[in-house]
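Visitor: Take a look at this one; I'll ask things after.
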Amino acid sequence: MKRLMRPDVWFLPALLGAAVLGAVLLSDGANITAGENEIKHHRARHGWESAFDAFSAVCGVGLLTRDFEADLTSRGRWTLTAIGLLGAVLFLGAAAQAAQQLREAAGGPRLPSAALAAGVFLLALLPGVPLVWGVERAAGSNGGWESAAQHTAAAFASLGWLRPAPGDATAWVYAFIALAGAVGWPVWFLLIPAARRRFVQAAPLLRGVGVYVLILVVLGAVLCAFETPREMLGRGLPSENTLAGRPLPERFARSVLQAVSASTAGIPTEALASPQCSDGTRITLGGVLLVGGLGGSPGGGIKGPLFVWLLAGGAVVLGASRCRTTHTGTLRCALAGSTLVVLMLVLTLVVAGGLLLIDDRTRSPFDHPATFAEAWLDAASAVAGGNLSSGLTARVTGENLSSGGRHPVDQYQYGMAWLMFAMTLGRFLPLFVLSRIATVRIDDASRGVSPLI
């Protein structure tokens with residue numbers, strides 16, 4: 001019974017169960033604006049779309065086959081939001097358990113229980129609703145409290161399906177809400193005196209948040225540099241409708257906004273399809289998604305602390321090679337960070353390769369072949385949980401791949417199945433690695449054996 005309560009055992013069946021439940025609920029025709037006749041004539045595709053959207057919501061990805069605002073009814077939007085929040089709560093609970101396992105194995109203090117972390121997450125989400133409602137109302141939105149609650153949940157819980165228009169002022173509010181969610185339960189606990197005294201240390205925690213924000217600003221500067229306008233041969237300067245066509249101050253501000261939104265909730269704030277942005281921007285954003293936010297947040301990715309552990313792994317290897325005694329807790333954390341970074345990177349590359357292959361077999365002869373940068377961005381979104389897409393996801397899952405015309409049989413299911421596999425494995429792999437590393441026996445490094453072998 002104790003083994004069944006381990007996160008590497010119970011989380012995957014729970015995740016799949018929630019996704020299947022969501023697919024069944026979304027398949028109800030009352031959830032979409034399309035008429036019954038359309039569903040009747042495209043029943044197979046409707047089932048695949050319901051499953052794809054459910055997996056995307058439960059895994060916190062946000063890549064949808066339907067437009068959240070236009071193609072779903074009020075009931076459908078609430079259903080998708082509820083499924084997404086269920087997936088976030090399951091992930092937070094499993095992550096808290098896995099982190100506690102690793103903390104105990106490394107000899108550190110206890111962390112809050114899974115139920116407490118998930119409960120504080122739901123409470124921390126609520127203050128954002130009136131803020132979003134006020135800003136959206138000032139911007140002229142007619143969505144009311146319902147829209148504000150759904151948009152707050154999408155940003156705070158890293159559900160990703162928000163699509164603010166480029167340059168929209170409300171996008172900054174969504175980014176702020178997403179950042180509040182991405183810093184995780186340690187920061188949320190600062191607002192609870194009893195939890196603050198027991199579980200967190202304010203000074204180092206706030207320094208870590210400050211460094212995280214600084215890194216996001218630097219990444220914004222990198223994106224801005226990639227979008228520096230240059231005259232195209234025979235085409236002149238970039239259009240004002242693109243990021244590269246805007247003045248430097250605006251371009252920098254919008255680049256920082258995109259970096260924050262991508263890292264925290266996987267929300268796109270700029271057009272990322274060709275030729276509206278550069279390959280360098282797409283590759284950088286894929287890396288931002290892959291790293292993700294800080295620990296204790298509902299977002300996906302590798303998480304910032306594990307990258308710190310990866311850097312610590314270099315010092316561990318050097319120390320072990322010189323037969324220096326190293327604390328086994330440090331060895332364990334370095335092994336967790338190194339293993340997870342490598343596996344997530346390999347998984348993303350494999351998914352990108354699969355997308356290129358599927359696109360090559362299904363695309364129209366009139367479409368340009370997908371580039372590696374486009375496949376990398378969409379693969380990172382599926383694996384790390386984000387809604388940033390170059391358009392490749394829509395191309396390998398679109399209605400144009402249905403039977404009829406140039407396709408004798410349906411071909412959209414290949415892209416959908418591949419991406420659902422990537423979403424599920426990307427959500428489960430970090431928890432599996434942390435939980436298993438917690439049980440690995442690590443001998444003292446003074447014996448001269450590398451701890452990473």
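Letters for chains follow the order of the structure tokens (A, B, ...), residue numbers begin at 1 for each chain, and ligand numbers begin at 1 in the order shown.
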Which residues come within 8 Å of stretch 89-101 of chain A, counting only C-alpha atoms, excluding same-chain residues fewer than 2 positions away, as a list in words?

Guide: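 Residues near the query, excluding close chain neighbours: Arg6, Pro7, Phe11, Ala14, Leu15, Leu85, Leu86, Gly87, Arg103, Glu104, Ala105, Arg110, Leu111, Pro112, Ser113, Ala114, Ala115, Ala117, Ala118, Gly296, Ser297, Pro298, Leu431, Leu434, Ser435 and Ala438 of chain A.
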
Visitor: Need to verify the contact set: A:Thr228, 12 Å, only C-alpha atoms, exclusion of same-chain residues closer than 2 positions in sequence. Can you return it as a ChimeraX atom specification?

Guide: /A:221-226,230-231,237-238,242-252,255,277-278,280-281

Visitor: Which residue gives the smallest distance to A:Gly292 among A:Leu340, A:Ala384, A:Ala373, A:Ala259, with only C-alpha atoms counted?

Guide: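 Of the candidates, the smallest distance to A:Gly292 is held by A:Ala384.
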
Visitor: Kindly provide the residues of stretch 180-216 of chain A that approach stretch 145-156 of chain A to within 12 Å, each paired with its closest atom pair and their distance in Å to one decimal, based on only C-alpha atoms, listed by chain and increasing number, as JSON lines.

Guide:
{"residue": "A:Ala180", "atom": "CA", "partner": "A:Phe156", "partner_atom": "CA", "distance": 6.8}
{"residue": "A:Gly181", "atom": "CA", "partner": "A:Phe156", "partner_atom": "CA", "distance": 4.6}
{"residue": "A:Ala182", "atom": "CA", "partner": "A:Phe156", "partner_atom": "CA", "distance": 7.4}
{"residue": "A:Val183", "atom": "CA", "partner": "A:Phe156", "partner_atom": "CA", "distance": 10.2}
{"residue": "A:Gly184", "atom": "CA", "partner": "A:Phe156", "partner_atom": "CA", "distance": 10.0}
{"residue": "A:Trp185", "atom": "CA", "partner": "A:Phe156", "partner_atom": "CA", "distance": 12.0}

Visitor: As a ChimeraX atom specification, please: every residue in stretch 200-430 of chain A that a backbone DSSP assignment puts in helix (DSSP H, G or I).

Guide: /A:202-226,243-245,248-265,279-291,304-321,328-362,372-384,392-397,399-401,412-430

Visitor: Measuring atom to atom with only C-alpha atoms, identify which of A:Ala334, A:Ala51, A:Ile32, A:Ala44 is nearest to A:Trp78.

Guide: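 Looking at the shortest contact to A:Trp78, the residue is A:Ile32.
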
Visitor: State, in Å with one decimal place, the distance from atom CA of A:Val288 to atom CA of A:Ala253.

Guide: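 These atoms are spaced 17.0 Å apart.
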
Visitor: Got a sec: who's within 6 Å of A:Leu377, counting only C-alpha atoms, leaving out chain neighbours fewer than 2 positions off, as JSON, numbers by chain?

Guide: {"A": [282, 286, 374, 375, 379, 380]}

Visitor: Selection from above, all heavy atoms, as a PDB file, in the first residue's frame, can you write it?

Guide:
ATOM      1  N   ARG A 282      12.459  31.560 -32.017  1.00  0.00           N
ATOM      2  CA  ARG A 282      11.760  30.302 -31.747  1.00  0.00           C
ATOM      3  C   ARG A 282      12.629  29.336 -30.931  1.00  0.00           C
ATOM      4  O   ARG A 282      12.146  28.674 -30.003  1.00  0.00           O
ATOM      5  CB  ARG A 282      11.311  29.664 -33.056  1.00  0.00           C
ATOM      6  CG  ARG A 282      10.094  30.347 -33.666  1.00  0.00           C
ATOM      7  CD  ARG A 282       9.561  29.562 -34.849  1.00  0.00           C
ATOM      8  NE  ARG A 282      10.345  29.801 -36.044  1.00  0.00           N
ATOM      9  CZ  ARG A 282      10.062  30.718 -36.960  1.00  0.00           C
ATOM     10  NH1 ARG A 282       9.003  31.490 -36.800  1.00  0.00           N
ATOM     11  NH2 ARG A 282      10.820  30.871 -38.023  1.00  0.00           N
ATOM     12  N   GLY A 286      11.820  28.105 -27.133  1.00  0.00           N
ATOM     13  CA  GLY A 286      11.747  26.685 -26.804  1.00  0.00           C
ATOM     14  C   GLY A 286      12.581  26.346 -25.583  1.00  0.00           C
ATOM     15  O   GLY A 286      12.157  25.573 -24.718  1.00  0.00           O
ATOM     16  N   GLU A 374      10.999  25.556 -35.976  1.00  0.00           N
ATOM     17  CA  GLU A 374       9.552  25.442 -35.810  1.00  0.00           C
ATOM     18  C   GLU A 374       9.192  24.173 -35.045  1.00  0.00           C
ATOM     19  O   GLU A 374       8.361  24.191 -34.128  1.00  0.00           O
ATOM     20  CB  GLU A 374       8.879  25.449 -37.186  1.00  0.00           C
ATOM     21  CG  GLU A 374       8.992  26.779 -37.915  1.00  0.00           C
ATOM     22  CD  GLU A 374       8.485  26.709 -39.332  1.00  0.00           C
ATOM     23  OE1 GLU A 374       8.555  25.617 -39.944  1.00  0.00           O
ATOM     24  OE2 GLU A 374       8.005  27.736 -39.840  1.00  0.00           O
ATOM     25  N   ALA A 375       9.815  23.059 -35.412  1.00  0.00           N
ATOM     26  CA  ALA A 375       9.538  21.804 -34.722  1.00  0.00           C
ATOM     27  C   ALA A 375      10.018  21.855 -33.267  1.00  0.00           C
ATOM     28  O   ALA A 375       9.353  21.328 -32.364  1.00  0.00           O
ATOM     29  CB  ALA A 375      10.215  20.643 -35.456  1.00  0.00           C
ATOM     30  N   ALA A 379       7.599  21.246 -30.132  1.00  0.00           N
ATOM     31  CA  ALA A 379       7.941  20.100 -29.285  1.00  0.00           C
ATOM     32  C   ALA A 379       8.166  20.537 -27.848  1.00  0.00           C
ATOM     33  O   ALA A 379       7.714  19.877 -26.902  1.00  0.00           O
ATOM     34  CB  ALA A 379       9.190  19.400 -29.828  1.00  0.00           C
ATOM     35  N   ALA A 380       8.870  21.666 -27.646  1.00  0.00           N
ATOM     36  CA  ALA A 380       9.091  22.177 -26.292  1.00  0.00           C
ATOM     37  C   ALA A 380       7.782  22.556 -25.632  1.00  0.00           C
ATOM     38  O   ALA A 380       7.603  22.355 -24.426  1.00  0.00           O
ATOM     39  CB  ALA A 380      10.038  23.380 -26.346  1.00  0.00           C
TER      40      ALA A 380
END

Visitor: For A:Val291, list every protein, DNA or RNA residue within 12 Å, evaluated using only C-alpha atoms, and leave out those in the same chain fewer than 4 positions away; present the list as a PyMOL selection string.

Guide: chain A and resi 182+212+215-216+259+262-266+284-287+295+299-308+337+340-342+344-345+348+380-381+383-386+430

Visitor: As a PyMOL selection string, please: the residues near stretch 205-209 of chain A (cut-off 8 Å, only C-alpha atoms, same-chain neighbours under 5 positions excluded).

Guide: chain A and resi 183+186-187+200

Visitor: Between A:Pro130, A:Gly293, A:Pro369, A:Pro268, single out the one closest to A:Leu357, counting only C-alpha atoms.

Guide: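 Looking only at the distances to A:Leu357, the closest residue turns out to be A:Pro369.
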
Visitor: Quick one: residues within 12 Å of A:Tyr412, only C-alpha atoms counted, chain neighbours fewer than 6 positions away excluded, as a PDB file with C-alpha atoms, in the first residue's frame?

Guide:
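Okay, selection-v8.pdb is ready:
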ATOM      1  CA  ALA A  44     -14.326  10.565 -35.390  1.00  0.00           C
ATOM      2  CA  ARG A  45     -12.538  13.897 -35.572  1.00  0.00           C
ATOM      3  CA  HIS A  46     -14.738  15.308 -32.803  1.00  0.00           C
ATOM      4  CA  GLY A  47     -13.636  12.447 -30.550  1.00  0.00           C
ATOM      5  CA  TRP A  48      -9.961  12.996 -31.350  1.00  0.00           C
ATOM      6  CA  GLU A  49     -10.282  16.728 -30.774  1.00  0.00           C
ATOM      7  CA  PHE A  52      -6.419  16.084 -27.553  1.00  0.00           C
ATOM      8  CA  THR A  65      -7.664  22.139 -31.590  1.00  0.00           C
ATOM      9  CA  ILE A 358       4.736  13.602 -39.649  1.00  0.00           C
ATOM     10  CA  ASP A 359       4.720  16.970 -41.374  1.00  0.00           C
ATOM     11  CA  ARG A 361       4.357  12.785 -44.800  1.00  0.00           C
ATOM     12  CA  THR A 362       1.151  14.801 -44.471  1.00  0.00           C
ATOM     13  CA  ARG A 363       1.799  18.382 -45.624  1.00  0.00           C
ATOM     14  CA  THR A 393       0.918  21.799 -34.445  1.00  0.00           C
ATOM     15  CA  ALA A 394      -2.111  23.143 -36.301  1.00  0.00           C
ATOM     16  CA  ARG A 395      -0.690  21.802 -39.562  1.00  0.00           C
ATOM     17  CA  VAL A 396      -0.225  18.217 -38.328  1.00  0.00           C
ATOM     18  CA  THR A 397      -3.595  18.147 -36.520  1.00  0.00           C
ATOM     19  CA  GLY A 398      -5.734  20.336 -38.808  1.00  0.00           C
ATOM     20  CA  GLU A 399      -9.048  19.579 -40.476  1.00  0.00           C
ATOM     21  CA  ASN A 400      -7.354  19.624 -43.892  1.00  0.00           C
ATOM     22  CA  LEU A 401      -5.907  16.199 -42.987  1.00  0.00           C
ATOM     23  CA  SER A 402      -9.377  14.648 -42.835  1.00  0.00           C
ATOM     24  CA  SER A 403     -10.315  12.058 -45.461  1.00  0.00           C
ATOM     25  CA  TRP A 418       2.275  11.940 -31.059  1.00  0.00           C
ATOM     26  CA  LEU A 419       1.677  15.234 -29.253  1.00  0.00           C
TER      27      LEU A 419
END

Visitor: Could you work out how far atom CA of A:Val173 lies from atom CA of A:Met423, giving the answer in Å with one decimal?

Guide: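 Atom CA of A:Val173 lies at a distance of 27.0 Å from atom CA of A:Met423.
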
Visitor: Rounded to one decimal, what separation in Å do you get between atom CA of A:Ala352 and atom CA of A:Trp376?

Guide: 5.3 Å
